[in-house]
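Engineer: One file: model29.txt (compact mmCIF, C-alpha atoms).
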```
# COMPACT_ATOMS: atom_id res chain seq x y z
CA MET N 1 89.49 66.54 75.76
CA SER N 2 87.75 66.02 79.09
CA ALA N 3 89.11 67.24 82.41
CA PRO N 4 90.95 64.70 84.58
CA ALA N 5 88.88 63.02 87.26
CA ARG N 6 88.99 64.59 90.71
CA GLY N 7 91.75 63.01 92.76
CA ALA N 8 93.73 61.86 89.74
CA ALA N 9 97.25 63.12 89.21
CA VAL N 10 97.46 65.74 86.47
CA PRO N 11 100.12 65.33 83.81
CA VAL N 12 101.91 68.55 82.93
CA ALA N 13 103.55 69.29 79.60
CA PRO N 14 107.24 70.17 79.94
CA PRO N 15 108.23 73.70 78.89
CA ALA N 16 108.99 73.93 75.19
CA PRO N 17 112.74 74.18 74.59
CA GLY N 18 114.17 77.46 73.33
CA LEU N 19 111.30 79.65 74.54
CA THR N 20 112.88 83.03 75.17
CA PRO N 21 110.86 85.81 76.87
CA LEU N 22 110.53 87.62 73.53
CA LEU N 23 109.26 84.48 71.81
CA VAL N 24 106.78 83.88 74.64
CA LEU N 25 105.42 87.42 74.24
CA ARG N 26 105.10 86.93 70.49
CA ARG N 27 103.18 83.70 71.03
CA LEU N 28 100.94 85.30 73.62
CA ALA N 29 100.16 88.16 71.23
CA VAL N 30 98.37 85.69 68.94
CA PRO N 31 95.58 84.64 71.35
CA ALA N 32 95.31 88.24 72.60
CA ALA N 33 94.79 89.59 69.08
CA THR N 34 92.35 86.78 68.26
CA ALA N 35 90.31 87.55 71.38
CA SER N 36 90.19 91.25 70.47
CA ARG N 37 88.97 90.51 66.95
CA ARG N 38 86.25 88.20 68.23
CA VAL N 39 84.97 90.85 70.63
CA LEU N 40 84.84 93.48 67.88
CA ALA N 41 83.14 91.01 65.52
CA ASP N 42 80.41 90.24 68.06
CA ARG N 43 78.18 93.18 67.14
CA GLY N 44 75.36 92.24 69.50
CA GLY N 45 77.58 91.89 72.55
CA LEU N 46 79.50 95.04 71.66
CA VAL N 47 76.33 97.11 71.30
CA THR N 48 75.10 95.86 74.68
CA SER N 49 78.39 96.83 76.33
CA VAL N 50 78.39 100.28 74.72
CA VAL N 51 74.76 101.01 75.65
CA PHE N 52 75.32 99.95 79.27
CA PHE N 53 78.50 102.04 79.43
CA LEU N 54 76.74 105.10 78.03
CA LEU N 55 73.80 104.84 80.39
CA VAL N 56 75.97 104.60 83.48
CA SER N 57 78.43 107.27 82.32
CA VAL N 58 75.77 109.79 81.31
CA VAL N 59 73.88 109.42 84.60
CA LEU N 60 77.03 109.54 86.75
CA SER N 61 78.47 112.53 84.91
CA ALA N 62 75.15 114.38 85.18
CA LEU N 63 75.17 113.90 88.96
CA TRP N 64 78.71 115.27 89.23
CA ARG N 65 77.94 118.23 86.96
CA ALA N 66 74.94 119.06 89.13
CA ALA N 67 77.13 118.87 92.24
CA ALA N 68 79.74 121.19 90.72
CA GLY N 69 77.26 123.66 89.25
CA PRO N 70 77.83 125.83 86.16
CA SER N 71 80.95 127.54 87.48
CA GLY N 72 81.81 125.70 90.69
CA THR N 73 84.10 122.80 91.49
CA VAL N 74 84.07 119.59 93.50
CA VAL N 75 87.40 118.76 95.22
CA GLY N 76 89.22 120.75 92.56
CA TYR N 77 87.39 119.38 89.51
CA THR N 78 85.14 121.53 87.31
CA ALA N 79 81.88 120.20 85.89
CA ALA N 80 83.54 119.56 82.51
CA GLU N 81 86.47 117.75 84.13
CA LEU N 82 84.11 115.60 86.19
CA THR N 83 82.31 114.60 82.99
CA TRP N 84 85.55 113.37 81.42
CA TYR N 85 86.47 111.73 84.73
CA ALA N 86 83.20 109.77 84.80
CA PHE N 87 83.48 108.56 81.21
CA ALA N 88 87.13 107.52 81.57
CA ALA N 89 86.56 105.73 84.89
CA GLU N 90 83.55 103.85 83.54
CA ALA N 91 85.40 102.87 80.36
CA ALA N 92 88.25 101.44 82.44
CA VAL N 93 85.93 99.11 84.33
CA CYS N 94 83.09 98.37 81.88
CA THR N 95 85.51 96.75 79.42
CA ILE N 96 85.98 93.72 81.67
CA ASP N 97 83.53 90.88 82.29
CA LEU N 98 81.90 91.65 85.63
CA ARG N 99 81.96 87.97 86.60
CA LEU N 100 85.48 87.21 85.39
CA ILE N 101 86.58 86.11 88.87
CA GLU N 102 83.63 83.72 89.10
CA ARG N 103 84.34 82.32 85.63
CA ILE N 104 88.03 81.71 86.41
CA GLY N 105 87.10 80.12 89.73
CA GLU N 106 84.66 77.75 88.04
CA ASP N 107 87.34 76.66 85.55
CA ILE N 108 89.72 75.93 88.42
CA SER N 109 87.25 74.13 90.67
CA SER N 110 85.82 72.05 87.80
CA GLY N 111 89.26 70.89 86.72
CA SER N 112 89.05 72.51 83.27
CA VAL N 113 92.23 74.43 83.97
CA ALA N 114 94.08 71.13 84.30
CA VAL N 115 93.69 70.53 80.57
CA GLU N 116 95.27 73.90 79.88
CA MET N 117 98.31 72.79 81.87
CA LEU N 118 99.20 70.47 78.98
CA ARG N 119 100.17 73.48 76.89
CA PRO N 120 103.84 74.49 76.68
CA LEU N 121 103.03 78.04 77.82
CA PRO N 122 102.02 78.86 81.42
CA VAL N 123 98.28 78.70 81.99
CA VAL N 124 98.10 82.07 83.66
CA ALA N 125 100.10 83.75 80.88
CA VAL N 126 97.70 82.52 78.20
CA ARG N 127 94.66 83.45 80.29
CA LEU N 128 96.00 86.94 80.99
CA ALA N 129 96.68 87.43 77.29
CA VAL N 130 93.21 86.28 76.22
CA GLU N 131 91.28 88.25 78.84
CA SER N 132 93.38 91.36 78.25
CA GLY N 133 92.78 91.02 74.51
CA ARG N 134 89.04 90.79 75.03
CA ALA N 135 88.99 93.78 77.35
CA LEU N 136 91.22 95.96 75.17
CA GLY N 137 89.13 95.14 72.10
CA ARG N 138 86.01 96.29 73.93
CA LEU N 139 87.89 99.32 75.27
CA VAL N 140 88.45 100.62 71.74
CA ALA N 141 84.71 100.84 71.15
CA LEU N 142 84.00 102.41 74.54
CA VAL N 143 86.71 105.06 74.10
CA VAL N 144 85.46 106.07 70.65
CA VAL N 145 81.81 106.30 71.70
CA GLY N 146 82.54 107.68 75.17
CA SER N 147 84.85 110.42 73.89
CA GLY N 148 82.17 111.59 71.49
CA ALA N 149 79.51 111.61 74.20
CA ALA N 150 81.72 113.41 76.73
CA TRP N 151 82.65 116.01 74.09
CA LEU N 152 78.97 116.68 73.37
CA LEU N 153 78.14 117.02 77.07
CA ALA N 154 81.14 118.99 78.32
CA GLY N 155 83.22 120.18 75.40
CA PRO N 156 86.67 118.99 74.26
CA PRO N 157 89.11 117.22 76.58
CA PRO N 158 90.62 119.61 79.15
CA ASP N 159 94.13 118.97 77.83
CA ALA N 160 95.25 117.18 74.65
CA LEU N 161 98.51 115.78 76.09
CA HIS N 162 96.76 114.48 79.18
CA GLY N 163 94.16 112.95 76.87
CA LEU N 164 96.87 110.92 75.13
CA LEU N 165 98.32 109.88 78.48
CA ALA N 166 94.83 108.84 79.57
CA LEU N 167 94.57 106.46 76.60
CA VAL N 168 97.80 104.72 77.63
CA SER N 169 96.63 104.75 81.23
CA LEU N 170 93.31 103.14 80.27
CA ALA N 171 95.10 100.24 78.61
CA LEU N 172 97.37 99.80 81.63
CA GLY N 173 94.41 100.01 84.01
CA VAL N 174 92.54 97.29 82.15
CA VAL N 175 95.48 94.86 82.25
CA VAL N 176 96.12 95.64 85.93
CA ASN N 177 92.47 94.82 86.65
CA VAL N 178 92.64 91.55 84.71
CA ALA N 179 95.81 90.51 86.56
CA ALA N 180 94.31 91.36 89.95
CA GLN N 181 91.20 89.31 89.20
CA HIS N 182 93.35 86.28 88.39
CA VAL N 183 95.14 86.69 91.72
CA VAL N 184 91.81 86.78 93.59
CA ALA N 185 90.29 83.92 91.60
CA SER N 186 93.27 81.68 92.34
CA ALA N 187 91.73 81.12 95.78
CA ALA N 188 89.61 78.50 94.01
CA PHE N 189 92.63 76.18 94.00
CA ARG N 190 91.91 75.72 97.72
CA LEU N 191 88.41 77.06 98.42
CA ARG N 192 86.82 75.53 95.32
CA ASP N 193 84.08 78.18 95.34
CA VAL N 194 84.74 81.89 94.80
CA ARG N 195 81.39 82.76 93.26
CA ALA N 196 80.68 85.53 95.77
CA THR N 197 84.16 87.00 95.62
CA TRP N 198 83.59 88.92 92.41
CA PHE N 199 80.84 91.00 94.07
CA LEU N 200 83.13 92.17 96.89
CA TYR N 201 85.97 92.79 94.44
CA GLN N 202 83.85 94.95 92.13
CA LYS N 203 82.52 97.06 94.98
CA THR N 204 86.09 97.65 96.17
CA VAL N 205 87.05 98.84 92.68
CA PHE N 206 84.00 101.11 92.64
CA ILE N 207 85.08 102.92 95.83
CA LEU N 208 88.83 102.49 96.39
CA GLY N 209 89.49 102.32 92.66
CA GLY N 210 87.82 105.68 92.06
CA MET N 211 85.26 104.46 89.55
CA LEU N 212 82.23 106.06 91.19
CA LEU N 213 83.94 109.12 92.64
CA PRO N 214 87.34 110.83 92.60
CA LEU N 215 89.50 109.63 95.46
CA GLU N 216 89.85 113.23 96.63
CA VAL N 217 86.25 112.99 97.86
CA LEU N 218 87.16 110.29 100.40
CA PRO N 219 88.06 111.27 103.98
CA GLY N 220 91.77 111.52 104.81
CA ALA N 221 92.62 108.05 106.11
CA LEU N 222 90.47 106.25 103.54
CA ARG N 223 91.89 108.38 100.72
CA THR N 224 95.44 107.54 101.81
CA LEU N 225 94.57 103.85 101.91
CA ALA N 226 93.02 104.02 98.44
CA LEU N 227 96.07 105.74 96.96
CA TRP N 228 98.31 102.94 98.31
CA CYS N 229 96.12 100.13 96.94
CA PRO N 230 96.35 98.68 93.41
CA PHE N 231 92.70 99.52 92.74
CA MET N 232 93.57 103.18 92.09
CA ALA N 233 95.59 102.02 89.08
CA MET N 234 92.47 100.55 87.51
CA ALA N 235 90.11 103.52 87.24
CA TYR N 236 91.34 106.56 89.16
CA ALA N 237 94.66 106.95 87.30
CA PRO N 238 93.21 107.10 83.76
CA ALA N 239 90.23 109.15 84.92
CA ARG N 240 92.41 111.77 86.63
CA LEU N 241 94.60 112.08 83.55
CA ALA N 242 91.48 112.48 81.40
CA THR N 243 90.55 115.56 83.47
CA GLY N 244 93.83 117.26 82.55
CA GLN N 245 95.23 116.79 86.05
CA GLY N 246 97.88 114.42 87.35
CA THR N 247 101.23 113.65 85.77
CA ALA N 248 102.94 110.84 83.87
CA LEU N 249 104.00 109.52 87.27
CA LEU N 250 100.58 107.85 87.40
CA LEU N 251 101.65 105.67 84.46
CA LEU N 252 104.72 104.57 86.40
CA VAL N 253 102.55 103.69 89.38
CA GLN N 254 100.30 101.64 87.12
CA ALA N 255 103.27 99.89 85.52
CA GLY N 256 104.62 99.06 88.97
CA TRP N 257 101.33 97.54 90.08
CA LEU N 258 101.12 95.63 86.80
CA VAL N 259 104.49 93.99 87.41
CA VAL N 260 103.55 93.14 91.01
CA LEU N 261 100.15 91.68 90.13
CA VAL N 262 101.35 89.69 87.11
CA ALA N 263 104.12 88.23 89.27
CA ALA N 264 101.59 87.46 92.01
CA ALA N 265 99.24 85.80 89.53
CA ALA N 266 102.09 83.69 88.14
CA PHE N 267 103.14 82.68 91.66
CA VAL N 268 99.70 81.68 92.95
CA PHE N 269 98.80 79.82 89.76
CA ALA N 270 102.11 77.94 89.88
CA ARG N 271 101.36 76.96 93.49
CA GLY N 272 97.87 75.89 92.50
CA GLN N 273 99.10 73.86 89.57
CA ARG N 274 101.61 72.04 91.78
CA ARG N 275 98.73 71.21 94.11
CA LEU N 276 96.78 69.75 91.20
CA GLU N 277 99.80 67.69 90.18
CA VAL N 278 99.94 66.13 93.64
CA VAL N 279 96.31 65.73 94.69
CA GLY N 280 94.56 65.97 91.33
CA GLY N 281 91.73 68.23 90.11
```
How does the structure come out when it is put into structure tokens?

Structural biologist:
Amino acid sequence: MSAPARGAAVPVAPPAPGLTPLLVLRRLAVPAATASRRVLADRGGLVTSVVFFLLVSVVLSALWRAAAGPSGTVVGYTAAELTWYAFAAEAAVCTIDLRLIERIGEDISSGSVAVEMLRPLPVVAVRLAVESGRALGRLVALVVVGSGAAWLLAGPPPDALHGLLALVSLALGVVVNVAAQHVVASAAFRLRDVRATWFLYQKTVFILGGMLLPLEVLPGALRTLALWCPFMAMAYAPARLATGQGTALLLLVQAGWLVVLVAAAAFVFARGQRRLEVVGG
């Protein structure tokens, strides 16, 4: 089915009757699971992702271990803890398509998203499910390989319980990131071109999200800003838990940001879809 012509009104399928929240979640689990299986079945793409992740993680962790020294610390983290921090932070971010914002924006500006509006489920809900499924499928491979590499370089995880919390936190961080990227990409409903936005977004995650360095390294005002932004829920939270520091409160912070960002994505996509209904694709 081709996308509607620009300027033409877009028909929208009415919501399917009897769709309870639980039933919607069950239906969304199907495309999410399918996306995960496809990622894991794509051996070539998976190997590329794992190799890139290992290269970046090994180099970054080596730099932090050199900064800490054999028995020293950097902002309260030992060399071993910084190794686990680097691998966890990289895993949280490397699971997601770097150009996801650009890809979503292109679908919106080209009118492809209008065809998806004919489905009984909300467009953004299906897209969040699919992209989260892809990312979580890739995350499984990165966690398995990354944990082995970090163990070889720095020994076992600093704390077993925190390690389990870090796994939950990684999954939450990935979905928070996916939701935030949909919020940013929704600007394409009006701007039509968000191709450069992904670059700025990724660099913000690198710094304020704590991917490249623990947020404790940042100067006071910038550190406070970073801790109040949603980006910290994407990489810093799981990475800090992986070091054996932090508490389960970080999971609550992530869950809070997830609710806010999913609601924001639903709101901006609904506004964008109404715009398409009126003025066309």

Engineer: Can you pull out every residue within 10 Å of Val56 (chain N), counting only C-alpha atoms, but drop anything in the same chain fewer than 5 positions away, and send it as a PyMOL selection string?

Structural biologist: chain N and resi 51+61-62+86-87+90+94

Engineer: Neighbouring residues of region 20-29 of chain N were defined as those with any atom within 8 Å, considering all atoms listed in the file; residues of the same chain fewer than 6 positions away were excluded. Please report them as an NGL selection string.

Structural biologist: :N and (121 or 125-126 or 129)

Engineer: Which residue, N:Arg223, N:Arg274, N:Lys203, N:His182, has the smallest gap to Gly105 (chain N) when you use only C-alpha atoms?

Structural biologist: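 Result for the nearest residue to Gly105 (chain N): N:His182.
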
Engineer: Give me the residues within 12 Å of Leu252 (chain N) as an MDAnalysis selection string, counting only C-alpha atoms and dropping any in the same chain fewer than 6 places off.

Structural biologist: chainID N and resid 165 168:169 172:173 233 237 258:259

Engineer: Between N:Leu98, N:Val175, N:Leu55, N:Val217, which has the minimum distance to Ala196 (chain N) (counting all atoms listed in the file)?

Structural biologist: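 Of the candidates, the smallest distance to Ala196 (chain N) is held by N:Leu98.
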
Engineer: Using only C-alpha atoms - which residues lie no farther than 8 Å from the point (81.7, 115.4, 86.8) in the file's frame? Write them as a list in words.

Structural biologist: Leu60, Ser61, Ala62, Leu63, Trp64, Arg65, Ala67, Ala68, Tyr77, Thr78, Ala79, Ala80, Glu81, Leu82, Thr83, Trp84, Tyr85 and Ala86 of chain N

Engineer: Keeping only C-alpha atoms, write the selected residues to a file as a CSV table (one decimal), in the frame of the given file.

Structural biologist:
```csv
chain,number,residue,atom,x,y,z
N,60,LEU,CA,77.0,109.5,86.8
N,61,SER,CA,78.5,112.5,84.9
N,62,ALA,CA,75.2,114.4,85.2
N,63,LEU,CA,75.2,113.9,89.0
N,64,TRP,CA,78.7,115.3,89.2
N,65,ARG,CA,77.9,118.2,87.0
N,67,ALA,CA,77.1,118.9,92.2
N,68,ALA,CA,79.7,121.2,90.7
N,77,TYR,CA,87.4,119.4,89.5
N,78,THR,CA,85.1,121.5,87.3
N,79,ALA,CA,81.9,120.2,85.9
N,80,ALA,CA,83.5,119.6,82.5
N,81,GLU,CA,86.5,117.8,84.1
N,82,LEU,CA,84.1,115.6,86.2
N,83,THR,CA,82.3,114.6,83.0
N,84,TRP,CA,85.6,113.4,81.4
N,85,TYR,CA,86.5,111.7,84.7
N,86,ALA,CA,83.2,109.8,84.8
```

Engineer: Rounded to one decimal in Å, what is the spacing between CA of Val183 (chain N) and CA of Ile207 (chain N)?

Structural biologist: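 We find that CA of Val183 (chain N) and CA of Ile207 (chain N) lie 19.5 Å from each other.
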
Engineer: Could you tell me, as a ChimeraX atom specification, which residues have any atom at most 12 Å from (89.0, 91.3, 95.0), counting all atoms listed in the file?

Structural biologist: /N:98-102,177-187,194-206,208-209,229-231

Engineer: Point out the residue among N:Ala188, N:Pro214, N:Val58, N:Leu139 with the least atom-to-atom distance to Leu152 (chain N), counting all atoms listed in the file.

Structural biologist: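 Ranked by minimum distance to Leu152 (chain N), first place goes to N:Val58.
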
Engineer: Could you check how far CA of Ala66 (chain N) sits from CA of Pro156 (chain N), in Å to one decimal?

Structural biologist: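 Separation of CA of Ala66 (chain N) and CA of Pro156 (chain N): 18.9 Å.
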